[in-house]
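S.K.: Sharing a structure here in structure tokens format.
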Amino acid sequence: MSKQRIFEIIRKEEAALFVGAGMSLYAGYPSGAKLAEILFNNLTSDLQEQVDFTTNLPKLAEDIYYLKGGNKNYLIENLKNEFQREPISTETHQLLAKIPQIKTIITTNYDTLFETTNKNIEVIRKSADCATANQKKQCLFKIHGDLSDTSNIILTNSDYNNYFIKDSERSIFWNAIKTKLVENHIIFIGYALEDSNVLTTIGKILDELGDHRKEMFFVAPSIQPAKLKFFQQKGIEYIQAKAEDLFKEINEDLKFNYLTGLKKGIGNADTAFDFAKINNINISLSKSKDLYIIDRISSLDGIGKSEVKFKIESESDSTKKIIDSLRGKDFEDISLSGDLLKEYNHFFNGIRINNQENITSLYIKKVPSIFGFFNIVFEDAFELDNYYLEIFIANPNENQAKIKIKANDFDILITIDFASNTTNHKFNIEIKPSKFIKSVKNGLNFYNILSRITSNKKFKLFKENKLFYSYRDKIVFDKGSFDADFLLDYFYKLRKIENYFEVQFNNINLDDTSEKKLRHINAYIDKIVLQEDFNGLTFKNKNKKEYNFLVSGEHKNKVLVISEKNKLIHNLHGIDFNIGYLHKYIQDAYIENLQDLKDKKTKIFNMKSESNTIYYQFTDSKTMITQQ
């Protein structure tokens with residue numbers, strides 16, 4: 001529960017860190033006690049005999065200072081040797097640098113780990129720095145100074161005493177620190193709380209604020225019972241944790257909760273931008289009633305991963321089907337009603353950017369496993385460049401795979417049933433054109449590919465100029481599978497019509513294909529005569545002269561010509577085409593019921609052809625141009 005409270009405080013940007021030497025141990029830098037040991041061991045043996053060793057660093061440093069004739073050079077030299085070395089690791093400080101929500105860090109450490117791992121930090125060592133500090137950045141107060149200004153290093157007992165004797169506690173520097181401590185909850189980390197400087201300040205804050213002070217936390221892997229009692233008396237809550245583990249948990253909490261908290265009034269825009277940048281993303285915010293809403297999000301390096309995580313009610317047939325789909329057992333899109341959703345979260349590059357409640361519905365569109373522009377090269381030298389494909393893969397069970405290939409206006413569905421004998425797999429292939437094919441070009445490209453594949457032409461796929469896939473004649477297709485050859489020819493004839501009439505077909509519905517209209521329009525373009533099957537013609541003839549001529553039988557061995565009085569207009573895929581006058585003729589016509597006509601048993605003629613053939617010709621004139 002204590003950790004959760006720390007997470008909440010940091011999300012609200014109300015935490016100040018008080019950091020001691022313990023947090024730099026992992027980097028290879030010494031603790032106070034270890035530094036005391038180093039200072040003593042580096043003395044000559046004769047000087048060691050003149051000093052009583054103690055792990056109380058200020059006291060030992062004071063004794064050495066006087067032993068050296070009131071000169072700090074030995075002490076400073078040792079500090080430089082220890083704290084100007086390259087750190088073994090900076091991992092923990094790098095974790096802390098990813099938490100811009102912590103605006104104030106106060107440290108007694110001499111090292112520069114904070115500055116070197118965080119470009120967004122403002123270092124304050126003395127009162128003069130307070131006036132020029134950028135308050136929008138994180139503020140690092142180095143209360144014991146550092147090696148950039150050795151004259152102000154706090155190390156010996158005299159340094160501590162002089163610090164307070166000279167009213168340093170009431171200086172602008174310390175007043176700025178106390179203001180930060182009063183305004184924020186305080187988290188001590190890397191400390192045993194034995195530093196008189198720190199204890200005095202904390203004691204005064206506790207006395208001045210009384211019951212109205214904010215919370216204090218002490219973080220350490222372990223603690224002595226007496227020290228725990230001391231914390232409890234002072235109202236400081238102990239949290240058992242290592243610094244690196246705590247910062248990892250804080251980072252994970254912020255990734256999950258910080259940006260989504262903006263719309264609840266938690267956090268601010270500047271910190272949100274910094275936090276997003278640290279995590280390699282860019283956000284755009286809008287403000288509504290003092291609340292921030294994320295409008296857009298993108299990756300700073302152009303590579304982004306968007307994830308949606310949600311929970312649904314289980315133990316029902318509908319949810320089982322949804323779960324199977326989510327697990328890749330099919331490639332159909334998913335539609336969820338709001339009553340099935342228990343939780344919904346949207347992540348970008350691992351950062352939760354949205355969580356929703358009371359969602360009425362959720363639609364999940366499956367993304368292809370493979371997609372992009374490909375160059376397709378067939379062995380007969382036919383090529384298609386920059387052909388866009390999307391390939392979806394599903395595994396309903398361990399013995400079956402399904403592949404859906406989207407190629408412009410067409411879906412190819414392939415089901416593969418795997419056999420134990422690897423040469424006897426079963427393939428079922430289904431072609432599903434879109435209801436409307438956008439253009440003749442799309443149809444030509446697709447059926448050029450399909451007709452070659454069904455004819456077992458070998459081909460290769462190239463992506464970004466590299467071989468992506470090579471087809472090696474694994475599948476045997478039935479001749480004329482999927483009407484590929486017929487539809488390829490159909491689209492070629494549509495292309496001829498487009499070129500002749502200077503039009504373009506759009507939204508071609510293959511359910512409305514008309515081979516007859518297509519042949520008629522192309523016959524008009526090519527000025528050719530069409531030959532078609534003729535099963536007979538029934539008609540009346542009220543023209544007495546023509547009637548007598550037909551009944552007399554004098555028409556035998558003559559051509560029967562029937563010409564339309566008006567020009568013929570065919571509507572093909574939404575476009576009207578004027579193809580002139582239609583002329584029909586039969587070269588070997590005869591009247592099947594001639595005797596009944598002569599006997600005046602009927603007035604209806606049944607016209608037939610000896611060869612069951614009729615010819616069509618389309619001309620711009622009312623008379624035929626040629627006869628066959």
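Residue numbering restarts at 1 for every chain of the structure tokens, chains are lettered A, B, ... in their displayed order, and ligands are numbered from 1 as they appear.
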With a distance cut-off of 8 Å and only C-alpha atoms, select the neighbouring residues of segment 19-35 of chain A, excluding the residue or stretch itself and same-chain residues fewer than 4 positions from it, and output the selection as a list in words.

M.R.: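 Residues meeting the cut-off are Leu39, Thr55, Asn56, Leu57, Glu82, Phe83, Pro87, Ile88, Ser89, Thr90, Ile105, Ile106, Thr107, Thr108, Asn109, Leu113, Phe188, Ile189, Gly190, Tyr191 and Ala243 of chain A.
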
S.K.: Check the DSSP output for the backbone and give back, as a ChimeraX atom specification, the residues of segment 279-416 of chain A in strand (DSSP E).

M.R.: /A:281-288,291-299,306-312,334-337,341-348,351-356,361-364,370-378,383-397,400-407,410-416

S.K.: May I ask for the distance between atom CA of Asn448 of chain A and atom CA of Leu384 of chain A, given in Å to one decimal place?

M.R.: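 These two atoms are separated by 9.4 Å.
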
S.K.: I want to know what sits within 12 Å of Leu550 of chain A, based on only C-alpha atoms, with residues of the same chain fewer than 2 positions away left out; could you give that as a PyMOL selection string?

M.R.: chain A and resi 540-548+552-556+558+560+589-595+597-598+603-607

S.K.: Save out the residues we just selected, N, CA, C and O atoms, as a short mmCIF file (atom, residue, chain, number, x, y, z; two decimals), in the first residue's frame.

M.R.:
data_model
loop_
_atom_site.label_atom_id
_atom_site.label_comp_id
_atom_site.auth_asym_id
_atom_site.auth_seq_id
_atom_site.Cartn_x
_atom_site.Cartn_y
_atom_site.Cartn_z
N LYS A 540 -45.03 -13.03 -87.52
CA LYS A 540 -46.15 -12.81 -88.43
C LYS A 540 -45.73 -11.81 -89.49
O LYS A 540 -44.91 -10.94 -89.21
N ASN A 541 -46.29 -11.91 -90.66
CA ASN A 541 -45.99 -10.94 -91.73
C ASN A 541 -47.30 -10.45 -92.32
O ASN A 541 -48.03 -11.19 -92.99
N LYS A 542 -47.62 -9.17 -92.05
CA LYS A 542 -48.89 -8.62 -92.52
C LYS A 542 -48.77 -7.98 -93.90
O LYS A 542 -49.76 -7.52 -94.46
N ASN A 543 -47.55 -7.94 -94.42
CA ASN A 543 -47.34 -7.41 -95.78
C ASN A 543 -47.75 -8.51 -96.78
O ASN A 543 -47.09 -9.56 -96.86
N LYS A 544 -48.81 -8.26 -97.52
CA LYS A 544 -49.37 -9.32 -98.38
C LYS A 544 -48.39 -9.80 -99.43
O LYS A 544 -48.26 -10.99 -99.71
N LYS A 545 -47.64 -8.84 -99.99
CA LYS A 545 -46.69 -9.19 -101.06
C LYS A 545 -45.59 -10.09 -100.50
O LYS A 545 -45.23 -11.12 -101.09
N GLU A 546 -45.03 -9.68 -99.31
CA GLU A 546 -43.98 -10.48 -98.70
C GLU A 546 -44.52 -11.83 -98.24
O GLU A 546 -43.85 -12.86 -98.35
N TYR A 547 -45.73 -11.82 -97.74
CA TYR A 547 -46.36 -13.04 -97.27
C TYR A 547 -46.47 -14.05 -98.41
O TYR A 547 -46.08 -15.23 -98.27
N ASN A 548 -47.00 -13.59 -99.58
CA ASN A 548 -47.17 -14.48 -100.73
C ASN A 548 -45.82 -14.99 -101.25
O ASN A 548 -45.70 -16.15 -101.69
N SER A 552 -44.87 -18.91 -101.36
CA SER A 552 -44.67 -19.51 -102.70
C SER A 552 -43.43 -20.38 -102.76
O SER A 552 -43.29 -21.22 -103.66
N GLY A 553 -42.52 -20.18 -101.79
CA GLY A 553 -41.29 -20.98 -101.78
C GLY A 553 -40.22 -20.45 -102.67
O GLY A 553 -39.15 -21.07 -102.82
N GLU A 554 -40.43 -19.30 -103.33
CA GLU A 554 -39.43 -18.74 -104.24
C GLU A 554 -38.20 -18.20 -103.49
O GLU A 554 -37.20 -17.85 -104.10
N HIS A 555 -38.26 -18.12 -102.17
CA HIS A 555 -37.13 -17.60 -101.38
C HIS A 555 -36.05 -18.65 -101.18
O HIS A 555 -34.98 -18.36 -100.66
N LYS A 556 -36.29 -19.89 -101.54
CA LYS A 556 -35.33 -20.95 -101.29
C LYS A 556 -33.97 -20.63 -101.91
O LYS A 556 -33.90 -20.06 -103.00
N LYS A 558 -31.95 -18.51 -100.97
CA LYS A 558 -31.66 -17.08 -100.91
C LYS A 558 -31.42 -16.67 -99.45
O LYS A 558 -31.83 -17.35 -98.53
N LEU A 560 -31.90 -14.52 -96.13
CA LEU A 560 -32.94 -13.76 -95.45
C LEU A 560 -32.26 -12.70 -94.60
O LEU A 560 -31.44 -13.01 -93.75
N ALA A 589 -31.94 -20.12 -95.06
CA ALA A 589 -33.22 -20.08 -94.35
C ALA A 589 -34.27 -20.97 -95.04
O ALA A 589 -34.29 -21.13 -96.26
N TYR A 590 -35.12 -21.52 -94.22
CA TYR A 590 -36.29 -22.24 -94.73
C TYR A 590 -37.41 -22.11 -93.73
O TYR A 590 -37.18 -21.86 -92.55
N ILE A 591 -38.67 -22.29 -94.25
CA ILE A 591 -39.87 -22.19 -93.40
C ILE A 591 -40.29 -23.60 -93.04
O ILE A 591 -40.65 -24.41 -93.90
N GLU A 592 -40.22 -23.87 -91.76
CA GLU A 592 -40.48 -25.23 -91.27
C GLU A 592 -41.94 -25.62 -91.46
O GLU A 592 -42.24 -26.77 -91.80
N ASN A 593 -42.87 -24.71 -91.29
CA ASN A 593 -44.30 -25.01 -91.39
C ASN A 593 -44.91 -24.46 -92.68
O ASN A 593 -46.03 -23.96 -92.71
N LEU A 594 -44.15 -24.57 -93.78
CA LEU A 594 -44.59 -24.01 -95.07
C LEU A 594 -45.93 -24.60 -95.52
O LEU A 594 -46.82 -23.86 -95.99
N GLN A 595 -46.10 -25.89 -95.37
CA GLN A 595 -47.33 -26.52 -95.86
C GLN A 595 -48.55 -26.05 -95.08
O GLN A 595 -49.61 -25.80 -95.67
N LEU A 597 -48.89 -23.15 -93.80
CA LEU A 597 -49.17 -21.79 -94.27
C LEU A 597 -49.91 -21.83 -95.60
O LEU A 597 -50.85 -21.06 -95.83
N LYS A 598 -49.47 -22.75 -96.47
CA LYS A 598 -50.14 -22.87 -97.77
C LYS A 598 -51.58 -23.32 -97.59
O LYS A 598 -52.48 -22.88 -98.31
N LYS A 603 -51.08 -18.49 -89.63
CA LYS A 603 -50.48 -17.31 -90.25
C LYS A 603 -49.12 -16.98 -89.62
O LYS A 603 -48.52 -15.95 -89.93
N ILE A 604 -48.66 -17.87 -88.76
CA ILE A 604 -47.38 -17.66 -88.07
C ILE A 604 -46.30 -18.46 -88.77
O ILE A 604 -46.44 -19.67 -89.02
N PHE A 605 -45.21 -17.78 -89.10
CA PHE A 605 -44.07 -18.40 -89.78
C PHE A 605 -43.08 -18.94 -88.74
O PHE A 605 -42.71 -18.25 -87.78
N ASN A 606 -42.62 -20.18 -88.95
CA ASN A 606 -41.53 -20.76 -88.18
C ASN A 606 -40.30 -20.84 -89.07
O ASN A 606 -40.16 -21.75 -89.89
N MET A 607 -39.41 -19.84 -88.91
CA MET A 607 -38.22 -19.75 -89.75
C MET A 607 -37.08 -20.54 -89.11
O MET A 607 -36.81 -20.43 -87.93
#

S.K.: So which residues touch Ile10 of chain A within 9 Å, counting only C-alpha atoms, skipping near sequence neighbours fewer than 3 positions away, as a count of residues only?

M.R.: 12

S.K.: Pick out the residues sitting within 10 Å of segment 68-77 of chain A, and hand them over as a VMD selection string; count only C-alpha atoms, and ignore anything fewer than 2 positions along from it in its own chain.

M.R.: chain A and resid 39 42 to 43 47 61 to 66 79 to 82 147 150 to 151 153 155 to 156

S.K.: May I have the residues within 8 Å of segment 578-586 of chain A as JSON, numbers by chain, using only C-alpha atoms and disregarding those fewer than 4 positions away in the same chain?

M.R.: {"A": [520, 521, 524, 559, 560, 561, 562, 563, 564, 565, 566, 567, 568, 569, 570, 609, 613, 614, 615, 616, 617, 618, 619, 620, 621, 622, 623, 624]}

S.K.: Using the chain letters and numbers from this document, which residues of segment 364-590 of chain A does DSSP assign to alpha helix (DSSP H), as a PyMOL selection string?

M.R.: chain A and resi 440-454+484-501+515-526+544-552
